[in-house]
Amino acid sequence: MELENRVAIVTGAAAGIGRAIVDRLARAGARLALVDRDAEGLARLAAALEGRRVDVLPLVADVAREEEMATAIREARTRFGQLDMVVNNAGVGVEKPLLDHDLDDFRRIFAVNLFGLFVALREAARIMIADGTRGAIVNVASVAGLRGSVGRAAYGPSKAAVINLTQVAAVELAPRGIRVNAVAPGPIATAMVQVMHRPETRAAWLRQVPQGRYGEPDDVAAAVVYLLGDGARFVTGHVLVVDGGFAAAGMLYDIAATAAAGSPADGRKGERGS
Ligand SMILES: NC(=O)c1ccc[n+]([C@@H]2O[C@H](COP(=O)([O-])OP(=O)(O)OC[C@H]3O[C@@H](n4cnc5c(N)ncnc54)[C@H](O)[C@@H]3O)[C@@H](O)[C@H]2O)c1
């Protein structure tokens with residue numbers, strides 16, 4: 001198994017994308033410290049993993065509280081005797097007009113998405129350097145951090161900051177043998193989007209994602225596990241979009257279906273278009 005006996009800590013592990021990452025890491029043979037503020041969800045997940053004989057340490061903590069997050073990282077190191085991988089996945093968002101945002105939206109969202117992530121990254125890197133571990137860290141950003149999307153005045157900048165922090169950390173920690181990468185998911189079918197996405201949001205995503213669908217949590221988990229593994233040993237400071245083609249897209253329509261329905265088939269007519 002690719003990650004046999006390596007130790008990973010995953011934040012926001014109890015649901016959605018975090019849970020899918022945990023599942024893939026468990027199948028790859030990793031030992032797992034799981035952080036979530038949802039004590040019940042975490043206990044259920046830990047029990048299910050123990051049933052599969054996965055070595056697991058559930059840690060109830062709010063990543064936005066500096067001491068709780070730092071303590072969780074140190075507890076994971078103490079319990080397993082090493083720390084090889086960190087997945088900073090916990091995140092929160094809101095979708096509403098910029099004019100309706102207030103500073104508390106920014107404070108709440110940045111506290112989890114950026115400040116909590118920074119504390120975990122810094123504490124883990126300190127431990128990895130002290131232990132001489134060639135570690136790997138993956139931060140869960142978002143395409144909202146790459147593009148200006150409607151309704152994301154606080155969430156988008158928090159994820160843009162995650163992307164830049166990933167790059168800064170990657171260059172500073174590369175000489176110490178630690179890799180830092182990010183994934184930037186597009187719309188993924190989780191509880192978060194059930195709350196955050198209104199019907200208009202859903203329709204816009206389905207129009208603007210070339211694959212015409214929401215992704216599954218496991219689509220993101222597969223990318224995270226790739227970035228954590230040895231196959232990505234020369235990859236650091238990278239942002240891997242997992243978005244069904246959204247970030248690559250410009251003008252979109254189904255040209256094959258349109259041509260089949262009888263539109264002019266002379267491709268040269270299109271050469272003058274822009
Ligand atoms: N779902 C999407 O479409 C999407 C798209 C792009 C990026 N993301 C990012 O992926 C990550 C996971 O999102 P998701 O859709 O799985 O969300 P989710 O709401 O389904 O699950 C998030 C998990 O994180 C936990 N959590 C939230 N705040 C926490 C805190 N302060 N401390 C500890 N645990 C906390 C929750 O209890 C929950 O278990 C987030 O960073 C999110 O911004 C999601």
# chains A, B, ... in the order shown; residues from 1 in each chain; ligands from 1
call {"tool": "closest_atom_pairs", "arguments": {"of": "stretch 83-189 of chain A", "to": "stretch 8-21 of chain A", "cutoff": "9 Å", "atoms": "only C-alpha atoms", "output": "Markdown table"}}
result
| residue | atom | partner | partner_atom | distance |
| --- | --- | --- | --- | --- |
| A:Leu83 | CA | A:Ala8 | CA | 6.4 |
| A:Asp84 | CA | A:Ala8 | CA | 6.0 |
| A:Met85 | CA | A:Ala8 | CA | 4.4 |
| A:Val86 | CA | A:Ile9 | CA | 4.9 |
| A:Val87 | CA | A:Val10 | CA | 4.7 |
| A:Asn88 | CA | A:Thr11 | CA | 5.5 |
| A:Asn89 | CA | A:Thr11 | CA | 5.3 |
| A:Ala90 | CA | A:Gly12 | CA | 4.0 |
| A:Gly91 | CA | A:Gly12 | CA | 7.2 |
| A:Leu117 | CA | A:Thr11 | CA | 8.9 |
| A:Ile188 | CA | A:Ile17 | CA | 8.1 |
| A:Ala189 | CA | A:Gly16 | CA | 8.0 |
call {"tool": "write_last_selection", "arguments": {"atoms": "N, CA and C atoms", "output": "tab-separated table (two decimals), in the first residue's frame"}}
result
chain	number	residue	atom	x	y	z
A	83	LEU	N	4.95	12.45	12.16
A	83	LEU	CA	3.90	13.15	11.40
A	83	LEU	C	4.43	13.36	9.99
A	84	ASP	N	3.80	12.70	9.01
A	84	ASP	CA	4.30	12.75	7.63
A	84	ASP	C	3.47	13.62	6.71
A	85	MET	N	2.16	13.72	6.97
A	85	MET	CA	1.27	14.37	6.01
A	85	MET	C	0.20	15.18	6.75
A	86	VAL	N	-0.14	16.32	6.18
A	86	VAL	CA	-1.22	17.14	6.73
A	86	VAL	C	-2.16	17.49	5.59
A	87	VAL	N	-3.46	17.34	5.83
A	87	VAL	CA	-4.45	17.83	4.87
A	87	VAL	C	-5.30	18.88	5.58
A	88	ASN	N	-5.12	20.13	5.16
A	88	ASN	CA	-5.88	21.24	5.72
A	88	ASN	C	-7.15	21.41	4.90
A	89	ASN	N	-8.20	20.73	5.36
A	89	ASN	CA	-9.45	20.68	4.57
A	89	ASN	C	-10.60	21.46	5.21
A	90	ALA	N	-10.60	21.63	6.53
A	90	ALA	CA	-11.75	22.30	7.18
A	90	ALA	C	-11.96	23.67	6.57
A	91	GLY	N	-13.20	23.97	6.26
A	91	GLY	CA	-13.48	25.28	5.68
A	91	GLY	C	-14.96	25.60	5.81
A	117	LEU	N	-5.78	27.19	9.12
A	117	LEU	CA	-4.91	26.45	8.19
A	117	LEU	C	-3.44	26.84	8.41
A	188	ILE	N	-18.59	20.70	-5.62
A	188	ILE	CA	-18.55	19.30	-5.19
A	188	ILE	C	-19.80	19.03	-4.35
A	189	ALA	N	-20.45	17.91	-4.61
A	189	ALA	CA	-21.73	17.61	-3.94
A	189	ALA	C	-21.48	17.23	-2.48
call {"tool": "residues_near_ligand", "arguments": {"ligand": "ligand 1", "cutoff": "8 Å", "atoms": "only C-alpha atoms and all ligand atoms", "output": "JSON, numbers by chain"}}
result
{"A": [11, 12, 13, 14, 15, 16, 17, 18, 19, 35, 36, 37, 38, 41, 42, 60, 61, 62, 63, 64, 65, 88, 89, 90, 91, 92, 93, 111, 112, 113, 116, 140, 141, 142, 143, 144, 155, 159, 184, 185, 186, 187, 188, 189, 190, 191, 192, 193, 214, 215, 217]}
call {"tool": "residues_around", "arguments": {"residues": "stretch 206-208 of chain A", "least_positions_apart": "2", "cutoff": "10 Å", "atoms": "only C-alpha atoms", "output": "PyMOL selection string"}}
result
chain A and resi 187+200-204+210-214+244-247+249-253
call {"tool": "write_last_selection", "arguments": {"atoms": "N, CA, C and O atoms", "output": "compact mmCIF listing (two decimals), in the first residue's frame"}}
result
# COMPACT_ATOMS: atom_id res chain seq x y z
N PRO A 187 -17.39 22.95 -7.99
CA PRO A 187 -18.54 22.55 -7.16
C PRO A 187 -18.53 21.06 -6.88
O PRO A 187 -18.43 20.25 -7.82
N GLU A 200 -30.20 29.22 -8.30
CA GLU A 200 -29.52 29.97 -9.36
C GLU A 200 -28.03 29.61 -9.42
O GLU A 200 -27.42 29.55 -10.50
N THR A 201 -27.43 29.37 -8.25
CA THR A 201 -26.02 28.98 -8.20
C THR A 201 -25.82 27.64 -8.90
O THR A 201 -24.91 27.44 -9.71
N ARG A 202 -26.71 26.73 -8.55
CA ARG A 202 -26.63 25.37 -9.11
C ARG A 202 -26.76 25.42 -10.64
O ARG A 202 -25.96 24.81 -11.37
N ALA A 203 -27.72 26.19 -11.12
CA ALA A 203 -27.93 26.29 -12.57
C ALA A 203 -26.70 26.91 -13.23
O ALA A 203 -26.27 26.48 -14.32
N ALA A 204 -26.10 27.92 -12.58
CA ALA A 204 -24.91 28.57 -13.16
C ALA A 204 -23.75 27.59 -13.24
O ALA A 204 -23.05 27.52 -14.26
N PRO A 210 -17.70 22.61 -17.90
CA PRO A 210 -17.80 21.87 -19.17
C PRO A 210 -18.31 20.44 -19.02
O PRO A 210 -19.01 19.95 -19.90
N GLN A 211 -17.95 19.77 -17.94
CA GLN A 211 -18.47 18.40 -17.76
C GLN A 211 -19.95 18.40 -17.37
O GLN A 211 -20.59 17.34 -17.31
N GLY A 212 -20.51 19.57 -17.04
CA GLY A 212 -21.95 19.68 -16.80
C GLY A 212 -22.45 18.98 -15.56
O GLY A 212 -23.58 18.51 -15.51
N ARG A 213 -21.59 18.92 -14.54
CA ARG A 213 -22.01 18.23 -13.31
C ARG A 213 -21.24 18.76 -12.12
O ARG A 213 -20.20 19.42 -12.28
N TYR A 214 -21.76 18.46 -10.93
CA TYR A 214 -20.98 18.65 -9.71
C TYR A 214 -20.02 17.46 -9.57
O TYR A 214 -20.35 16.35 -9.98
N GLY A 244 -13.93 19.78 -13.28
CA GLY A 244 -14.68 19.45 -14.48
C GLY A 244 -14.42 20.39 -15.64
O GLY A 244 -15.23 20.46 -16.57
N GLY A 245 -13.31 21.13 -15.60
CA GLY A 245 -12.94 22.01 -16.71
C GLY A 245 -13.30 23.47 -16.51
O GLY A 245 -13.00 24.32 -17.37
N PHE A 246 -13.89 23.82 -15.35
CA PHE A 246 -14.37 25.19 -15.13
C PHE A 246 -13.28 26.25 -15.33
O PHE A 246 -13.47 27.24 -16.04
N ALA A 247 -12.11 26.03 -14.71
CA ALA A 247 -11.06 27.07 -14.76
C ALA A 247 -10.44 27.18 -16.16
O ALA A 247 -9.82 28.19 -16.48
N ALA A 249 -12.23 27.05 -18.89
CA ALA A 249 -13.28 27.37 -19.87
C ALA A 249 -13.33 28.84 -20.25
O ALA A 249 -13.04 29.72 -19.45
N GLY A 250 -13.71 29.07 -21.50
CA GLY A 250 -14.10 30.40 -21.97
C GLY A 250 -15.55 30.31 -22.43
O GLY A 250 -16.39 29.79 -21.70
N MET A 251 -15.80 30.74 -23.67
CA MET A 251 -17.15 30.68 -24.22
C MET A 251 -17.57 29.21 -24.38
O MET A 251 -16.79 28.39 -24.85
N LEU A 252 -18.78 28.90 -23.95
CA LEU A 252 -19.20 27.50 -23.91
C LEU A 252 -20.52 27.27 -24.63
O LEU A 252 -21.48 27.99 -24.40
N TYR A 253 -20.56 26.28 -25.54
CA TYR A 253 -21.82 25.66 -25.94
C TYR A 253 -21.48 24.30 -26.55
O TYR A 253 -20.32 24.04 -26.87
call {"tool": "residues_around", "arguments": {"residues": "A:Ala161", "least_positions_apart": "3", "cutoff": "12 Å", "atoms": "only C-alpha atoms", "output": "list in words"}}
result
Ile109, Phe110, Asn113, Leu114, Phe115, Leu117, Phe118, Asn139, Val140, Ala141, Ser142, Ala144, Gly145, Leu146, Ala154, Tyr155, Gly156, Pro157, Ser158, Asn164, Leu165, Thr166, Gln167, Val168, Ala169 and Ala182 of chain A
call {"tool": "write_last_selection", "arguments": {"atoms": "C-alpha atoms", "output": "short mmCIF file (atom, residue, chain, number, x, y, z; two decimals), in the first residue's frame"}}
result
data_model
loop_
_atom_site.label_atom_id
_atom_site.label_comp_id
_atom_site.auth_asym_id
_atom_site.auth_seq_id
_atom_site.Cartn_x
_atom_site.Cartn_y
_atom_site.Cartn_z
CA ILE A 109 -14.45 32.76 7.33
CA PHE A 110 -10.81 33.84 7.50
CA ASN A 113 -10.12 28.93 6.13
CA LEU A 114 -6.87 30.87 6.51
CA PHE A 115 -5.80 31.40 10.11
CA LEU A 117 -4.91 26.45 8.19
CA PHE A 118 -1.82 28.60 8.83
CA ASN A 139 -4.31 22.67 1.50
CA VAL A 140 -7.89 22.60 0.22
CA ALA A 141 -8.48 25.91 -1.58
CA SER A 142 -11.23 26.48 -4.19
CA ALA A 144 -13.39 30.66 -5.82
CA GLY A 145 -9.82 31.69 -4.95
CA LEU A 146 -8.82 31.78 -8.63
CA ALA A 154 -15.26 36.90 1.84
CA TYR A 155 -14.95 33.23 0.85
CA GLY A 156 -13.10 33.93 -2.42
CA PRO A 157 -10.35 36.06 -0.87
CA SER A 158 -9.90 33.54 1.95
CA ASN A 164 -0.64 32.25 -2.01
CA LEU A 165 0.22 30.87 1.44
CA THR A 166 0.67 27.47 -0.22
CA GLN A 167 3.19 29.01 -2.63
CA VAL A 168 5.08 30.89 0.09
CA ALA A 169 5.23 27.79 2.29
CA ALA A 182 -3.13 22.88 -2.88
#
call {"tool": "select_by_dssp", "arguments": {"residues": "stretch 79-224 of chain A", "states": "alpha helix (DSSP H)", "output": "VMD selection string"}}
result
chain A and resid 79 to 80 103 to 110 117 to 131 155 to 173 191 to 196 199 to 208 217 to 224
call {"tool": "decode", "arguments": {"residues": "stretch 182-217 of chain A", "atoms": "N, CA and C atoms", "output": "compact mmCIF listing (two decimals), in the first residue's frame"}}
result
# COMPACT_ATOMS: atom_id res chain seq x y z
N ALA A 182 -1.71 22.62 -3.13
CA ALA A 182 -3.13 22.88 -2.88
C ALA A 182 -3.97 22.18 -3.94
N VAL A 183 -5.21 21.87 -3.58
CA VAL A 183 -6.21 21.53 -4.59
C VAL A 183 -7.23 22.65 -4.60
N ALA A 184 -7.78 22.91 -5.78
CA ALA A 184 -8.81 23.93 -5.92
C ALA A 184 -10.05 23.26 -6.53
N PRO A 185 -10.94 22.78 -5.68
CA PRO A 185 -12.14 22.12 -6.22
C PRO A 185 -13.09 23.13 -6.84
N GLY A 186 -13.80 22.66 -7.88
CA GLY A 186 -15.00 23.35 -8.34
C GLY A 186 -16.16 22.91 -7.47
N PRO A 187 -17.39 22.95 -7.99
CA PRO A 187 -18.54 22.55 -7.16
C PRO A 187 -18.53 21.06 -6.88
N ILE A 188 -18.59 20.70 -5.62
CA ILE A 188 -18.55 19.30 -5.19
C ILE A 188 -19.80 19.03 -4.35
N ALA A 189 -20.45 17.91 -4.61
CA ALA A 189 -21.73 17.61 -3.94
C ALA A 189 -21.48 17.23 -2.48
N THR A 190 -21.56 18.21 -1.58
CA THR A 190 -21.42 17.96 -0.14
C THR A 190 -22.48 18.76 0.61
N ALA A 191 -22.50 18.56 1.94
CA ALA A 191 -23.46 19.28 2.77
C ALA A 191 -23.23 20.79 2.66
N MET A 192 -21.95 21.19 2.51
CA MET A 192 -21.64 22.63 2.44
C MET A 192 -22.41 23.30 1.30
N VAL A 193 -22.44 22.68 0.13
CA VAL A 193 -23.08 23.34 -1.01
C VAL A 193 -24.59 23.27 -0.91
N GLN A 194 -25.10 22.26 -0.18
CA GLN A 194 -26.56 22.23 0.01
C GLN A 194 -27.01 23.47 0.75
N VAL A 195 -26.16 23.95 1.67
CA VAL A 195 -26.49 25.17 2.42
C VAL A 195 -26.14 26.41 1.60
N MET A 196 -24.99 26.36 0.94
CA MET A 196 -24.42 27.58 0.34
C MET A 196 -25.01 27.89 -1.04
N HIS A 197 -25.34 26.86 -1.82
CA HIS A 197 -25.76 27.09 -3.21
C HIS A 197 -27.26 27.23 -3.33
N ARG A 198 -27.72 28.34 -3.87
CA ARG A 198 -29.15 28.50 -4.15
C ARG A 198 -29.44 27.92 -5.53
N PRO A 199 -30.72 27.79 -5.92
CA PRO A 199 -31.03 27.18 -7.23
C PRO A 199 -30.32 27.88 -8.38
N GLU A 200 -30.20 29.22 -8.30
CA GLU A 200 -29.52 29.97 -9.36
C GLU A 200 -28.03 29.61 -9.42
N THR A 201 -27.43 29.37 -8.25
CA THR A 201 -26.02 28.98 -8.20
C THR A 201 -25.82 27.64 -8.90
N ARG A 202 -26.71 26.73 -8.55
CA ARG A 202 -26.63 25.37 -9.11
C ARG A 202 -26.76 25.42 -10.64
N ALA A 203 -27.72 26.19 -11.12
CA ALA A 203 -27.93 26.29 -12.57
C ALA A 203 -26.70 26.91 -13.23
N ALA A 204 -26.10 27.92 -12.58
CA ALA A 204 -24.91 28.57 -13.16
C ALA A 204 -23.75 27.59 -13.24
N TRP A 205 -23.54 26.80 -12.19
CA TRP A 205 -22.45 25.81 -12.22
C TRP A 205 -22.67 24.81 -13.35
N LEU A 206 -23.91 24.31 -13.46
CA LEU A 206 -24.17 23.28 -14.47
C LEU A 206 -23.95 23.83 -15.87
N ARG A 207 -24.20 25.13 -16.05
CA ARG A 207 -23.93 25.78 -17.35
C ARG A 207 -22.44 25.98 -17.59
N GLN A 208 -21.71 26.34 -16.54
CA GLN A 208 -20.34 26.83 -16.72
C GLN A 208 -19.25 25.79 -16.48
N VAL A 209 -19.63 24.62 -15.96
CA VAL A 209 -18.66 23.52 -15.83
C VAL A 209 -18.77 22.68 -17.11
N PRO A 210 -17.70 22.61 -17.90
CA PRO A 210 -17.80 21.87 -19.17
C PRO A 210 -18.31 20.44 -19.02
N GLN A 211 -17.95 19.77 -17.94
CA GLN A 211 -18.47 18.40 -17.76
C GLN A 211 -19.95 18.40 -17.37
N GLY A 212 -20.51 19.57 -17.04
CA GLY A 212 -21.95 19.68 -16.80
C GLY A 212 -22.45 18.98 -15.56
N ARG A 213 -21.59 18.92 -14.54
CA ARG A 213 -22.01 18.23 -13.31
C ARG A 213 -21.24 18.76 -12.12
N TYR A 214 -21.76 18.46 -10.93
CA TYR A 214 -20.98 18.65 -9.71
C TYR A 214 -20.02 17.46 -9.57
N GLY A 215 -18.85 17.71 -9.00
CA GLY A 215 -17.94 16.62 -8.71
C GLY A 215 -18.36 15.87 -7.45
N GLU A 216 -17.75 14.72 -7.26
CA GLU A 216 -17.96 13.92 -6.05
C GLU A 216 -16.80 14.18 -5.09
N PRO A 217 -17.04 14.06 -3.78
CA PRO A 217 -15.93 14.24 -2.83
C PRO A 217 -14.71 13.38 -3.17
